[in-house]
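Novice: Below is the structure I would like to discuss, written out as structure tokens.
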Amino acid sequence: MTKILEVKDLELSFHTFAGEVKAIRGVNFDLHKGETLAIVGESGSGKSVTTKSIMRLLPESSAEYKNGEILFEGKDLTKIPEKNMQKIRGKDISMIFQDPMTSLNPTMTIGRQIMEPILKHQKLNKSEARKKTIELLNLVGIPNAENRYKMYPHQFSGGQRQRIVIAIALACNPKILIADEPTTALDVTIQAQILELMKDIQKKTDTSIIFITHDLGVVANVADRVAVMYGGRIVEIGTVDEIFYNPQHPYTWGLLSSMPSMDLEDQKLYAIPGTPPDLLNPPKGDAFALRSEYAMRIDMERRAPFFKVSETHYAATWLLHPQAPQVEPPALVIERMKTFKGSRYYVDQTGGTV
Amino acid sequence: MSENLIEVRNLKQYFNAGKSTEVRAIDDISFAIKRGETFGLVGESGCGKSTTGRTMIRLYDATAGQVLYNGVDVHAPKSKKENHALNRKMQMIFQDPYASLNPRMKVLDIIAEGLDIHGLVKGKTERKQRVIDLLETVGLNREHAERYPHEFSGGQRQRIGIARALAVDPEFIIADEPISALDVSIQAQVVNLLKELQEEKGLTYLFIAHDLSMVKYISDRIGVMYFGKLVEMAPADELYRNPMHAYTKSLLSAIPLPDPIYERSRVRHPYNPKDHQYGSDEKVEFREVAPEHFVLCSEKEFAEMQAARV
């Protein structure tokens with residue numbers, strides 16, 4: 001697998017009246033060609049800020065890259081001048097935003113909005129660009145594209161608008177597509193259609209996708225790999241099966257347990273107690289320690305490094321340290337682990353424990 | 001338990017009635033909610049589920065039909081005093097905790113507004129004490145009373161919204177997508193709180209949502225709405241185990257579950273209302289296919305579904 005994007009030790013702060021908000025505190029990940037990497041976490045965990053920092057969409061007056069680099073095709077995106085960034089943004093890396101109601105310009109026809117990046121980045125004349133626009137509308141499943149191309153955003157439904165936003169993002173065949181909660185504002189049925197569309201397009205164009213969401217069902221549906229973020233850091237990263245069936249970090253356990261499952265009866269839902277940490281004064285050790293029943297003394301004092309679980313699976317929790325005591329994950333998580341080969345709770349189909 | 005607290009009979013809510021822009025937001029629906037139960041209402045946006053909730057609490061006047069609360073018609077003309085008494089028994093929790101709290105009022109005054117209107121407390125100290133009790137009931141504390149909404153997180157604001165609804169000791173609470181705007185981990189906190197309060201105070205809920213897994217978790221019975229009509233209604237488990245209407249099946253098949261292996265094999269069934277092929281002389285009605293399990297169907301479909309059951 002070829003790496004297309006590398007994020008290394010990224011640290012980013014916002015300067016506010018109240019002080020310095022350390023929104024990203026050391027994020028590392030790679031994105032491979034043609035894969036979908038999902039980033040999950042609560043609001044305020046830094047998942048949107050991470051992707052906006054890749055796109056350089058944060059206000060320069062208040063956001064500051066403190067450390068680290070974002071490598072794309074040999075260039076460090078945190079350092080290149082804005083003028084060069086404009087050649088990448090919308091062409092090589094493009095973005096789908098959460099709310100299709102506000103991310104389209106209400107005073108421009110959708111045709112012009114889709115044509116905008118094409119005219120900007122590709123050497124096409126207007127009639128060629130128009131042809132390409134209609135192709136894109138067909139690709140994203142807007143019927144009767146020749147006529148609808150002249151219409152305004154308010155003449156489309158929410159799901160159709162999100163399709164148009166996707167068409168704009170795809171206009172220049174980007175190498176990386178960043179989708180920031182693209183289906184959160186949509187209904188389940190429309191959500192399913194949009195997810196199918198994105199997977200379909202990925203198959204055709206081999207685009208890499210970074211998918212941000214807090215819906216674990218959606219993650220299970222689209223992702224190849226998953227990064228779990230908490231308090232401005234990635235706390236666990238692995239393939240989708242590793243994260244869902246062999247999670248190691250107590251925060252991942254909490255997330256997975258707080259989803260009601262369809263066949264669960266009348267049990268009390270597990271709720272992670274407390275609230276996310278204040279990043280104005282981030283805690284010294286593990287940011288999740290104060291909300292975790294598995295916290296040890298060292299969690300309060302030092303942040304855990306990444307421990308390797310497998311070639312593709314890493315988790316930042318002291319529980320994986322050889323000297324840490326063995327703890328039992330929550331019952332619901334053990335249920336999941338029983339299906340995963342390589343987990344210590346794995347139960348063979350025939351019934352014996354391995 | 002079997003006593004009906006709320007009965008909705010042939011309720012209709014048409015906007016712009018009689019004009020070319022007429023919208024039939026609610027088109028002749030009937031259901032009942034028993035005392036102490038949670039009735040979930042699901043459907044896609046625009047299907048009329050929020051309008052149903054709002055019409056039941058008389059934020060809108062109904063075009064036709066009745067909403068009976070304890071046998072009293074909510075929409076019938078009443079004296080001010082009667083209205084007042086009814087308003088106290090029905091309260092609402094809104095979807096967006098950022099928009100539903102007045103940013104210029106202190107939490108104390110937000111929660112006490114209902115107390116003041118209904119004259120439930122005498123004097124400042126009693127008023128404050130009552131608010132503090134309410135804050136503690138929903139898991140906040142006394143210091144929070146003197147703060148403004150912007151000082152709280154989404155989950156905390158939704159708790160304030162719940163405290164406000166509880167202030168006047170209601171019997172019936174309409175929760176209109178109370179958790180949609182919240183994070184997964186906070187959703188669980190709020191749902192647990194709603195469940196605890198129900199056990200403690202014997203509340204009756206109408207829970208409106210589009211997140212079907214949470215609805216199943218909290219509801220005793222569920223109604224599925226599609227374009228202003230109730231298409232299916234059944235006890236929660238029964239609905240999920242044995243959905244009968246094609247729209248319900250389609251809705252259930254569209255939910256992604258946090259289970260990658262299941263997701264790889266999940267097949268979505270799209271719904272097309274034309275598939276029913278109702279003839280012009282066929283009567284499409286709400287029929288009881290199994291005990292407590294109602295489906296909107298024609299005579300022919302009814303027979304087929306009954307045959308499939310046995």
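By order in the structure tokens, chains are A, B, ...; within a chain, residues start at 1; ligands start at 1, following the order shown.
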Please provide the set of residues having any atom within 12 Å of B:Asn83, restricted to only C-alpha atoms, with same-chain residues fewer than 5 positions apart removed, written as a list of chain:residue names.

Specialist: B:Ile57, B:Arg58, B:Tyr69, B:Val72, B:Asp73, B:Val74, B:His75, B:Ala76, B:Pro77, B:Lys78, B:Arg88, B:Lys89, B:Met90, B:His118

Novice: Enumerate, in order of chain and increasing residue number, the residues of chain B with an atom no farther than 10 Å from chain A, each with its shortest atom pair and distance in Å to one decimal, counting only C-alpha atoms, as a tab-separated table.

Specialist:
residue	atom	partner	partner_atom	distance
B:Gly43	CA	A:Asp187	CA	8.7
B:Glu44	CA	A:Asp187	CA	5.8
B:Ser45	CA	A:Asp187	CA	6.7
B:Ser153	CA	A:Thr275	CA	8.6
B:Gly154	CA	A:Ser43	CA	9.9
B:Gly155	CA	A:Thr275	CA	8.9
B:Gln156	CA	A:Thr275	CA	9.5
B:Ser180	CA	A:Thr184	CA	9.5
B:Ala181	CA	A:Thr184	CA	9.6
B:Leu182	CA	A:Ser43	CA	8.9
B:Asp183	CA	A:Glu42	CA	6.0
B:Val184	CA	A:His214	CA	6.9
B:Ser185	CA	A:Ile272	CA	5.8
B:Ile186	CA	A:Ala271	CA	7.1
B:Gln187	CA	A:Ala271	CA	8.0
B:Ala188	CA	A:Ala271	CA	5.0
B:Gln189	CA	A:Ala271	CA	5.2
B:Val190	CA	A:Ala271	CA	8.9
B:Val191	CA	A:Leu269	CA	8.0
B:Asn192	CA	A:Leu269	CA	6.6
B:Lys195	CA	A:Lys268	CA	9.0
B:Glu196	CA	A:Lys268	CA	9.8
B:His210	CA	A:Asp187	CA	7.1
B:Asp211	CA	A:Val188	CA	7.9
B:Leu212	CA	A:Val188	CA	8.9
B:Ser213	CA	A:Met262	CA	6.2
B:Met214	CA	A:Pro260	CA	6.4
B:Val215	CA	A:Pro260	CA	9.6
B:Lys216	CA	A:Met262	CA	7.6
B:Tyr217	CA	A:Pro260	CA	6.7
B:Ile218	CA	A:Asp266	CA	8.4
B:Asp237	CA	A:Asp263	CA	8.7
B:Tyr240	CA	A:Met262	CA	8.2
B:Arg241	CA	A:Asp263	CA	9.3
B:Ser250	CA	A:Thr189	CA	8.0
B:Leu251	CA	A:Thr189	CA	6.5
B:Leu252	CA	A:Val188	CA	9.0
B:Ser253	CA	A:Thr189	CA	8.7
B:Ala254	CA	A:Thr189	CA	5.5
B:Ile255	CA	A:Val188	CA	6.1
B:Pro256	CA	A:Gly217	CA	4.5
B:Leu257	CA	A:Gly217	CA	4.2
B:Pro258	CA	A:Gly217	CA	4.0
B:Asp259	CA	A:Ala220	CA	5.7
B:Pro260	CA	A:Ala220	CA	4.4
B:Ile261	CA	A:Asp241	CA	8.0
B:Tyr262	CA	A:Ala220	CA	8.7
B:Glu263	CA	A:Asn221	CA	5.3
B:Arg264	CA	A:Asn221	CA	7.0
B:Ser265	CA	A:Asn221	CA	9.9
B:Arg266	CA	A:Asn221	CA	9.2
B:Arg268	CA	A:Ala192	CA	8.1
B:His269	CA	A:Thr189	CA	9.7
B:Pro270	CA	A:Thr189	CA	8.2
B:Tyr271	CA	A:Thr189	CA	9.4

Novice: Out of stretch 82-279 of chain A, which residues get strand (DSSP E or B) from DSSP, as a PyMOL selection string?

Specialist: chain A and resi 89+93-96+176-180+208-213+225-230+233-239

Novice: Could you tell me which of B:Gly279, B:Gly40, B:Gly53, B:Gly48 comes closest to B:Val8 if we count only C-alpha atoms?

Specialist: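 Nearest candidate to B:Val8 out of B:Gly279, B:Gly40, B:Gly53, B:Gly48: B:Gly53.
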
Novice: What lies within 8 Å of stretch 3-7 of chain A using only C-alpha atoms, ignoring chain neighbours under 2 positions off, as a ChimeraX atom specification?

Specialist: /A:1,9-10,27-33,68-73

Novice: Based on the backbone DSSP call, show me all residues of stretch 132-193 of chain A assigned alpha helix (DSSP H), as a ChimeraX atom specification.

Specialist: /A:132-139,145-148,158-170,188-193

Novice: One decimal, Å: what's the distance from atom CA of A:Met101 over to atom CA of A:Ile201, could you say?

Specialist: 22.6 Å

Novice: Give one line per residue of stretch 15-55 of chain A that approaches stretch 91-94 of chain A to at most 12 Å, naming the two atoms of the closest pair and their distance in Å to one decimal, counting only C-alpha atoms; sort by chain then ascending residue number and deliver it as CSV.

Specialist:
residue,atom,partner,partner_atom,distance
A:Thr51,CA,A:Ser94,CA,10.6
A:Lys52,CA,A:Ser94,CA,10.7
A:Ile54,CA,A:Ile93,CA,8.9
A:Met55,CA,A:Ile93,CA,7.4

Novice: At a cut-off of 12 Å, using only C-alpha atoms, what residues contact A:His121? Leave out same-chain residues fewer than 6 positions from it and give the result as a list of chain:residue names.

Specialist: A:Gln86, A:Lys87, A:Ile88, A:Arg89, A:Gly90, A:Lys91, A:Asp92, A:Met115, A:Ala129, A:Ala171, A:Cys172, A:Asn173, A:Pro174

Novice: Just want the 12 Å neighbourhood of B:Leu59, counted on only C-alpha atoms, with same-chain residues fewer than 4 positions away dropped. Output as a VMD selection string.

Specialist: chain B and resid 13 50 to 55 74 to 75 87 90 to 92 174

Novice: Write out as a PDB file with all heavy atoms, in the first residue's frame the residues lying within 12 Å of A:Ser157, counting only C-alpha atoms and excluding same-chain residues fewer than 2 positions away.

Specialist:
ATOM      1  N   PRO A 100     -25.405  20.210   4.220  1.00  0.00           N
ATOM      2  CA  PRO A 100     -25.586  20.610   2.820  1.00  0.00           C
ATOM      3  C   PRO A 100     -26.474  21.838   2.683  1.00  0.00           C
ATOM      4  O   PRO A 100     -26.556  22.425   1.615  1.00  0.00           O
ATOM      5  CB  PRO A 100     -26.244  19.379   2.197  1.00  0.00           C
ATOM      6  CG  PRO A 100     -26.907  18.685   3.306  1.00  0.00           C
ATOM      7  CD  PRO A 100     -26.095  18.967   4.532  1.00  0.00           C
ATOM      8  N   MET A 101     -27.158  22.215   3.786  1.00  0.00           N
ATOM      9  CA  MET A 101     -28.026  23.379   3.709  1.00  0.00           C
ATOM     10  C   MET A 101     -27.191  24.667   3.707  1.00  0.00           C
ATOM     11  O   MET A 101     -27.605  25.685   3.192  1.00  0.00           O
ATOM     12  CB  MET A 101     -28.975  23.433   4.909  1.00  0.00           C
ATOM     13  CG  MET A 101     -29.794  22.186   5.086  1.00  0.00           C
ATOM     14  SD  MET A 101     -30.986  21.972   3.760  1.00  0.00           S
ATOM     15  CE  MET A 101     -31.347  20.238   3.936  1.00  0.00           C
ATOM     16  N   ILE A 142     -28.074  12.528  -9.832  1.00  0.00           N
ATOM     17  CA  ILE A 142     -29.126  13.545  -9.954  1.00  0.00           C
ATOM     18  C   ILE A 142     -29.784  13.329 -11.317  1.00  0.00           C
ATOM     19  O   ILE A 142     -29.120  13.484 -12.352  1.00  0.00           O
ATOM     20  CB  ILE A 142     -28.536  14.972  -9.888  1.00  0.00           C
ATOM     21  CG1 ILE A 142     -27.795  15.190  -8.581  1.00  0.00           C
ATOM     22  CG2 ILE A 142     -29.621  16.023 -10.113  1.00  0.00           C
ATOM     23  CD1 ILE A 142     -28.601  15.683  -7.439  1.00  0.00           C
ATOM     24  N   TYR A 152     -31.281  26.255  -8.647  1.00  0.00           N
ATOM     25  CA  TYR A 152     -30.638  26.771  -7.436  1.00  0.00           C
ATOM     26  C   TYR A 152     -30.754  25.756  -6.292  1.00  0.00           C
ATOM     27  O   TYR A 152     -31.682  24.943  -6.291  1.00  0.00           O
ATOM     28  CB  TYR A 152     -31.288  28.100  -7.051  1.00  0.00           C
ATOM     29  CG  TYR A 152     -30.907  29.204  -8.003  1.00  0.00           C
ATOM     30  CD1 TYR A 152     -31.647  29.439  -9.163  1.00  0.00           C
ATOM     31  CD2 TYR A 152     -29.778  29.981  -7.767  1.00  0.00           C
ATOM     32  CE1 TYR A 152     -31.283  30.436 -10.056  1.00  0.00           C
ATOM     33  CE2 TYR A 152     -29.406  30.970  -8.654  1.00  0.00           C
ATOM     34  CZ  TYR A 152     -30.160  31.198  -9.787  1.00  0.00           C
ATOM     35  OH  TYR A 152     -29.777  32.171 -10.667  1.00  0.00           O
ATOM     36  N   PRO A 153     -29.862  25.870  -5.294  1.00  0.00           N
ATOM     37  CA  PRO A 153     -29.869  24.878  -4.211  1.00  0.00           C
ATOM     38  C   PRO A 153     -31.231  24.680  -3.545  1.00  0.00           C
ATOM     39  O   PRO A 153     -31.576  23.558  -3.175  1.00  0.00           O
ATOM     40  CB  PRO A 153     -28.854  25.449  -3.211  1.00  0.00           C
ATOM     41  CG  PRO A 153     -27.900  26.217  -4.045  1.00  0.00           C
ATOM     42  CD  PRO A 153     -28.711  26.778  -5.176  1.00  0.00           C
ATOM     43  N   HIS A 154     -32.035  25.761  -3.414  1.00  0.00           N
ATOM     44  CA  HIS A 154     -33.295  25.574  -2.676  1.00  0.00           C
ATOM     45  C   HIS A 154     -34.275  24.688  -3.421  1.00  0.00           C
ATOM     46  O   HIS A 154     -35.277  24.257  -2.867  1.00  0.00           O
ATOM     47  CB  HIS A 154     -33.942  26.936  -2.361  1.00  0.00           C
ATOM     48  CG  HIS A 154     -34.573  27.590  -3.546  1.00  0.00           C
ATOM     49  ND1 HIS A 154     -33.903  28.492  -4.338  1.00  0.00           N
ATOM     50  CD2 HIS A 154     -35.806  27.463  -4.084  1.00  0.00           C
ATOM     51  CE1 HIS A 154     -34.698  28.887  -5.311  1.00  0.00           C
ATOM     52  NE2 HIS A 154     -35.858  28.284  -5.188  1.00  0.00           N
ATOM     53  N   GLN A 155     -33.994  24.419  -4.696  1.00  0.00           N
ATOM     54  CA  GLN A 155     -34.905  23.565  -5.459  1.00  0.00           C
ATOM     55  C   GLN A 155     -34.577  22.075  -5.305  1.00  0.00           C
ATOM     56  O   GLN A 155     -35.173  21.241  -5.962  1.00  0.00           O
ATOM     57  CB  GLN A 155     -34.863  23.969  -6.943  1.00  0.00           C
ATOM     58  CG  GLN A 155     -35.447  25.360  -7.150  1.00  0.00           C
ATOM     59  CD  GLN A 155     -35.132  25.913  -8.530  1.00  0.00           C
ATOM     60  OE1 GLN A 155     -33.986  26.151  -8.868  1.00  0.00           O
ATOM     61  NE2 GLN A 155     -36.163  26.111  -9.326  1.00  0.00           N
ATOM     62  N   GLY A 159     -30.910  15.455   0.698  1.00  0.00           N
ATOM     63  CA  GLY A 159     -30.065  14.379   0.179  1.00  0.00           C
ATOM     64  C   GLY A 159     -29.469  14.751  -1.171  1.00  0.00           C
ATOM     65  O   GLY A 159     -28.296  14.493  -1.446  1.00  0.00           O
ATOM     66  N   GLN A 160     -30.279  15.409  -2.027  1.00  0.00           N
ATOM     67  CA  GLN A 160     -29.777  15.826  -3.335  1.00  0.00           C
ATOM     68  C   GLN A 160     -28.699  16.886  -3.189  1.00  0.00           C
ATOM     69  O   GLN A 160     -27.710  16.890  -3.911  1.00  0.00           O
ATOM     70  CB  GLN A 160     -30.926  16.372  -4.179  1.00  0.00           C
ATOM     71  CG  GLN A 160     -31.802  15.275  -4.730  1.00  0.00           C
ATOM     72  CD  GLN A 160     -32.962  15.839  -5.520  1.00  0.00           C
ATOM     73  OE1 GLN A 160     -33.541  16.860  -5.147  1.00  0.00           O
ATOM     74  NE2 GLN A 160     -33.295  15.185  -6.608  1.00  0.00           N
ATOM     75  N   ARG A 161     -28.907  17.799  -2.229  1.00  0.00           N
ATOM     76  CA  ARG A 161     -27.891  18.835  -2.010  1.00  0.00           C
ATOM     77  C   ARG A 161     -26.577  18.224  -1.593  1.00  0.00           C
ATOM     78  O   ARG A 161     -25.508  18.661  -2.026  1.00  0.00           O
ATOM     79  CB  ARG A 161     -28.349  19.794  -0.917  1.00  0.00           C
ATOM     80  CG  ARG A 161     -29.294  20.830  -1.451  1.00  0.00           C
ATOM     81  CD  ARG A 161     -29.606  21.821  -0.373  1.00  0.00           C
ATOM     82  NE  ARG A 161     -31.043  21.904  -0.242  1.00  0.00           N
ATOM     83  CZ  ARG A 161     -31.679  22.835   0.447  1.00  0.00           C
ATOM     84  NH1 ARG A 161     -30.982  23.732   1.105  1.00  0.00           N
ATOM     85  NH2 ARG A 161     -32.967  22.860   0.499  1.00  0.00           N
ATOM     86  N   GLN A 162     -26.660  17.178  -0.733  1.00  0.00           N
ATOM     87  CA  GLN A 162     -25.405  16.552  -0.324  1.00  0.00           C
ATOM     88  C   GLN A 162     -24.755  15.877  -1.528  1.00  0.00           C
ATOM     89  O   GLN A 162     -23.533  15.860  -1.648  1.00  0.00           O
ATOM     90  CB  GLN A 162     -25.666  15.570   0.826  1.00  0.00           C
ATOM     91  CG  GLN A 162     -24.426  15.165   1.617  1.00  0.00           C
ATOM     92  CD  GLN A 162     -23.682  16.324   2.248  1.00  0.00           C
ATOM     93  OE1 GLN A 162     -23.216  17.231   1.569  1.00  0.00           O
ATOM     94  NE2 GLN A 162     -23.569  16.312   3.552  1.00  0.00           N
ATOM     95  N   ARG A 163     -25.571  15.346  -2.456  1.00  0.00           N
ATOM     96  CA  ARG A 163     -25.009  14.762  -3.680  1.00  0.00           C
ATOM     97  C   ARG A 163     -24.292  15.840  -4.501  1.00  0.00           C
ATOM     98  O   ARG A 163     -23.249  15.584  -5.108  1.00  0.00           O
ATOM     99  CB  ARG A 163     -26.116  14.143  -4.535  1.00  0.00           C
ATOM    100  CG  ARG A 163     -26.628  12.833  -3.992  1.00  0.00           C
ATOM    101  CD  ARG A 163     -27.888  12.406  -4.720  1.00  0.00           C
ATOM    102  NE  ARG A 163     -28.515  11.314  -4.003  1.00  0.00           N
ATOM    103  CZ  ARG A 163     -28.313  10.027  -4.292  1.00  0.00           C
ATOM    104  NH1 ARG A 163     -27.550   9.697  -5.303  1.00  0.00           N
ATOM    105  NH2 ARG A 163     -28.889   9.092  -3.588  1.00  0.00           N
ATOM    106  N   ILE A 164     -24.874  17.035  -4.527  1.00  0.00           N
ATOM    107  CA  ILE A 164     -24.254  18.133  -5.281  1.00  0.00           C
ATOM    108  C   ILE A 164     -22.924  18.533  -4.628  1.00  0.00           C
ATOM    109  O   ILE A 164     -21.923  18.743  -5.311  1.00  0.00           O
ATOM    110  CB  ILE A 164     -25.221  19.330  -5.363  1.00  0.00           C
ATOM    111  CG1 ILE A 164     -26.419  18.947  -6.234  1.00  0.00           C
ATOM    112  CG2 ILE A 164     -24.527  20.557  -5.941  1.00  0.00           C
ATOM    113  CD1 ILE A 164     -27.615  19.833  -6.079  1.00  0.00           C
ATOM    114  N   LEU A 186     -28.614  13.956   7.785  1.00  0.00           N
ATOM    115  CA  LEU A 186     -29.561  13.287   6.887  1.00  0.00           C
ATOM    116  C   LEU A 186     -30.287  12.129   7.568  1.00  0.00           C
ATOM    117  O   LEU A 186     -29.817  11.573   8.548  1.00  0.00           O
ATOM    118  CB  LEU A 186     -28.806  12.753   5.663  1.00  0.00           C
ATOM    119  CG  LEU A 186     -27.960  13.772   4.891  1.00  0.00           C
ATOM    120  CD1 LEU A 186     -27.137  13.062   3.840  1.00  0.00           C
ATOM    121  CD2 LEU A 186     -28.833  14.826   4.259  1.00  0.00           C
ATOM    122  N   ASP A 187     -31.426  11.745   6.986  1.00  0.00           N
ATOM    123  CA  ASP A 187     -32.179  10.587   7.461  1.00  0.00           C
ATOM    124  C   ASP A 187     -31.473   9.278   7.176  1.00  0.00           C
ATOM    125  O   ASP A 187     -30.672   9.210   6.263  1.00  0.00           O
ATOM    126  CB  ASP A 187     -33.497  10.517   6.691  1.00  0.00           C
ATOM    127  CG  ASP A 187     -34.488  11.455   7.282  1.00  0.00           C
ATOM    128  OD1 ASP A 187     -34.509  11.550   8.500  1.00  0.00           O
ATOM    129  OD2 ASP A 187     -35.210  12.080   6.513  1.00  0.00           O
ATOM    130  N   ILE A 190     -31.662   8.203   3.446  1.00  0.00           N
ATOM    131  CA  ILE A 190     -30.834   9.053   2.589  1.00  0.00           C
ATOM    132  C   ILE A 190     -29.368   8.806   2.921  1.00  0.00           C
ATOM    133  O   ILE A 190     -28.511   8.743   2.040  1.00  0.00           O
ATOM    134  CB  ILE A 190     -31.164  10.544   2.812  1.00  0.00           C
ATOM    135  CG1 ILE A 190     -32.673  10.776   2.795  1.00  0.00           C
ATOM    136  CG2 ILE A 190     -30.466  11.416   1.791  1.00  0.00           C
ATOM    137  CD1 ILE A 190     -33.325  10.512   1.484  1.00  0.00           C
TER     138      ILE A 190
ATOM    139  N   SER B  45     -37.427  12.755   7.936  1.00  0.00           N
ATOM    140  CA  SER B  45     -37.793  14.148   8.136  1.00  0.00           C
ATOM    141  C   SER B  45     -38.872  14.527   7.138  1.00  0.00           C
ATOM    142  O   SER B  45     -38.860  14.090   5.993  1.00  0.00           O
ATOM    143  CB  SER B  45     -36.587  15.074   8.014  1.00  0.00           C
ATOM    144  OG  SER B  45     -35.745  14.673   6.990  1.00  0.00           O
ATOM    145  N   GLY B  46     -39.823  15.310   7.602  1.00  0.00           N
ATOM    146  CA  GLY B  46     -40.912  15.708   6.732  1.00  0.00           C
ATOM    147  C   GLY B  46     -42.084  14.743   6.745  1.00  0.00           C
ATOM    148  O   GLY B  46     -43.057  14.942   6.046  1.00  0.00           O
TER     149      GLY B  46
END

Novice: Measure the distance from atom CA of B:Glu288 to atom CA of B:Asp61 in Å and round it to one decimal.

Specialist: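 Going from atom CA of B:Glu288 over to atom CA of B:Asp61 covers 29.3 Å.
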
Novice: What separation in Å, quoted to one decimal, exists between atom CA of A:Gly44 and atom CA of A:Thr239?

Specialist: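 Atom-to-atom, atom CA of A:Gly44 and atom CA of A:Thr239 are spaced 23.6 Å apart.
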
Novice: My list of candidates is B:Glu146, B:Ala64, B:His245, B:Asp275. Which is closest to B:Phe302 when distances are computed with only C-alpha atoms?

Specialist: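 Closest candidate: B:His245.
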